[in-house]
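Enquirer: What follows is a structure written as structure tokens; I'll ask about it next.
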Amino acid sequence: MTEISNLSDLRAVYDPPNDLAVRKELDHIDKHARDFIARSPFAILSTADADGWPDSSPRGDAPGFAVVVNERCLQLPDRPGNNRLDSFQNLVANPKIALLFLVPDRLETLRVNGTARLLTDAELLKAHAVRGKPARAVVEVTPRSVYFQCGKAIVRSGVWQKEKWPSLEGMATFAQALADQIKGVERPAVDAALEKSYRDRLY
């Protein structure tokens, strides 16, 4: 098995990036990135702890849930979750962050990389309220690398094409998987807990 272990070996396998791939990277959120974020209902948030161990977490709400304050500031409100706080524990130890924004039926995605801090000012949380419930915290991102990713992965995956989706027949539900994975947990109890959480704890 041949392993790539240094940059020279890596570049021996891959061609240099084309001119557009290099020049498209910005250090701020321009009008096109702002428009894309305003239409996005879903993003993947990636962080790493002090030792560099990575974590990725889904974030989603109505389109525009992430707010571009200005070209150097993006705010992402936090909603109720499982309270593991993997991402936030990482940010406390290591402020580097990466976001991947998606817009349904759009082939391209948007990458925003930079540094972040966690804010809990009462007025700020209230400003990001939904259904009268303030955000639990706000992730404020200072971008240093912003660029659009081409749509090849989306095209290959067919993620927006329902006719290409895999069948769910025979696949365990989330509740069944948890019941199988966690000793002493019964599926009906997990089903009930999930139903209540999805109904009562979205905000």
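In the structure tokens, chains take letters A, B, ... by order of appearance, with residues numbered from 1 within each chain and ligands from 1 in the order shown.
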Report as a Markdown table: every residue of region 114-194 of chain A with an atom at most 10 Å from region 73-82 of chain A, its closest pair of atoms, and their distance in Å to one decimal, counting only C-alpha atoms, with rows sorted by chain and ascending residue number.

Expert:
| residue | atom | partner | partner_atom | distance |
| --- | --- | --- | --- | --- |
| A:Ala116 | CA | A:Leu74 | CA | 9.2 |
| A:Arg117 | CA | A:Gln75 | CA | 9.8 |
| A:Leu118 | CA | A:Leu76 | CA | 9.7 |
| A:Leu119 | CA | A:Pro77 | CA | 9.5 |
| A:Leu124 | CA | A:Pro77 | CA | 9.4 |
| A:Leu125 | CA | A:Pro77 | CA | 7.7 |
| A:Ala127 | CA | A:Pro77 | CA | 9.7 |
| A:His128 | CA | A:Pro77 | CA | 6.4 |
| A:Ala129 | CA | A:Pro77 | CA | 8.6 |
| A:Val130 | CA | A:Arg79 | CA | 9.3 |
| A:Lys133 | CA | A:Arg79 | CA | 9.3 |
| A:Pro134 | CA | A:Arg79 | CA | 8.5 |
| A:Ala135 | CA | A:Asp78 | CA | 5.5 |
| A:Arg136 | CA | A:Asp78 | CA | 5.5 |
| A:Ala137 | CA | A:Asp78 | CA | 5.3 |
| A:Val138 | CA | A:Pro77 | CA | 4.4 |
| A:Val139 | CA | A:Leu76 | CA | 5.0 |
| A:Glu140 | CA | A:Gln75 | CA | 4.5 |
| A:Val141 | CA | A:Leu74 | CA | 5.0 |
| A:Thr142 | CA | A:Cys73 | CA | 5.1 |
| A:Pro143 | CA | A:Cys73 | CA | 7.0 |

Enquirer: With a distance cut-off of 9 Å and only C-alpha atoms, select the neighbouring residues of Leu99 (chain A), excluding the residue or stretch itself and same-chain residues fewer than 3 positions from it, and output the selection as a ChimeraX atom specification.

Expert: /A:43-46,110-114

Enquirer: For a test of reading the model, state the distance in Å between CA of Lys152 (chain A) and CA of Val22 (chain A), rounded to one decimal.

Expert: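 Here the two named atoms are 17.2 Å from each other.
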
Enquirer: I'd like the neighbourhood of Asp30 (chain A) as a ChimeraX atom specification, where a residue qualifies if any of its atoms comes within 10 Å (using only C-alpha atoms), though same-chain residues fewer than 6 positions away should be ignored.

Expert: /A:68,70-72,146-147

Enquirer: Restricting it to N, CA, C and O atoms, dump the selection as a CSV table (one decimal), in the first residue's frame.

Expert:
chain,number,residue,atom,x,y,z
A,68,VAL,N,-25.0,37.8,8.3
A,68,VAL,CA,-23.8,38.6,8.0
A,68,VAL,C,-23.9,40.0,8.5
A,68,VAL,O,-24.7,40.8,8.0
A,70,ASN,N,-21.3,42.3,8.7
A,70,ASN,CA,-20.6,43.0,7.7
A,70,ASN,C,-19.6,42.1,7.1
A,70,ASN,O,-19.6,40.9,7.4
A,71,GLU,N,-18.8,42.6,6.2
A,71,GLU,CA,-17.9,41.7,5.5
A,71,GLU,C,-16.8,41.0,6.3
A,71,GLU,O,-16.2,40.0,5.9
A,72,ARG,N,-16.7,41.4,7.6
A,72,ARG,CA,-15.7,40.8,8.5
A,72,ARG,C,-16.4,40.1,9.7
A,72,ARG,O,-15.7,39.7,10.6
A,146,VAL,N,-12.8,32.8,2.3
A,146,VAL,CA,-14.1,32.7,1.9
A,146,VAL,C,-14.1,32.4,0.4
A,146,VAL,O,-13.5,33.1,-0.4
A,147,TYR,N,-14.7,31.3,0.0
A,147,TYR,CA,-14.8,31.0,-1.4
A,147,TYR,C,-15.9,29.9,-1.7
A,147,TYR,O,-16.2,29.1,-0.9

Enquirer: So which residues of region 6-198 of chain A fall under strand (DSSP E or B) by DSSP, listed as an NGL selection string?

Expert: :A and (26 or 42-48 or 54-60 or 67-70 or 73-77 or 96-102 or 109-119 or 130 or 133 or 138-149)

Enquirer: Give me the residues near Tyr14 (chain A) as an MDAnalysis selection string, where near means some atom within 12 Å (using only C-alpha atoms) and where sequence neighbours in that chain fewer than 6 positions away do not count.

Expert: chainID A and resid 4 7:8

Enquirer: Near Thr47 (chain A), within 6 Å and counting only C-alpha atoms, which residues show up once chain neighbours fewer than 4 positions away are dropped, as a PyMOL selection string?

Expert: chain A and resi 54-55+87+97

Enquirer: For a quick check of understanding, using only C-alpha atoms, which of A:Glu163, A:Glu169, A:Glu186, A:Asp35 has the smallest distance to Val103 (chain A)?

Expert: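 Residue with the minimum atom-to-atom distance to Val103 (chain A): A:Asp35.
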
Enquirer: Return as an NGL selection string the full set of residues in region 33-88 of chain A whose backbone-based DSSP assignment is alpha helix (DSSP H).

Expert: :A and (33-39 or 86-88)

Enquirer: At what distance in Å, to one decimal, does CA of Arg59 (chain A) lie from CA of Ser40 (chain A)?

Expert: 10.5 Å

Enquirer: Could you name the residues that touch Glu108 (chain A) at 8 Å or less, counting only C-alpha atoms, but leaving out those on the same chain fewer than 5 positions away, as a PyMOL selection string?

Expert: chain A and resi 102+148-151+154

Enquirer: Would you mind listing what lies within 12 Å of Glu3 (chain A) as a VMD selection string, with only C-alpha atoms counted and same-chain residues fewer than 6 positions away left out?

Expert: chain A and resid 9 to 10 13

Enquirer: Would you export the selected residues with C-alpha atoms as a short mmCIF file (atom, residue, chain, number, x, y, z; two decimals), in the first residue's frame, please?

Expert:
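Output below, filename selection21.cif:
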data_model
loop_
_atom_site.label_atom_id
_atom_site.label_comp_id
_atom_site.auth_asym_id
_atom_site.auth_seq_id
_atom_site.Cartn_x
_atom_site.Cartn_y
_atom_site.Cartn_z
CA ASP A 9 4.47 13.03 -2.83
CA LEU A 10 1.05 14.67 -2.78
CA VAL A 13 -0.14 12.63 -7.70
#

Enquirer: With distances taken over only C-alpha atoms, which of A:Ala192, A:Tyr203, A:Gln181, A:Pro104 is nearest to Trp160 (chain A)?

Expert: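 Closest residue, counting only C-alpha atoms: A:Pro104.
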
Enquirer: Just the number, please: distance in Å from CA of Asp27 (chain A) to CA of Ala66 (chain A), one decimal.

Expert: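 CA of Ala66 (chain A) lies at a distance of 18.2 Å from CA of Asp27 (chain A).
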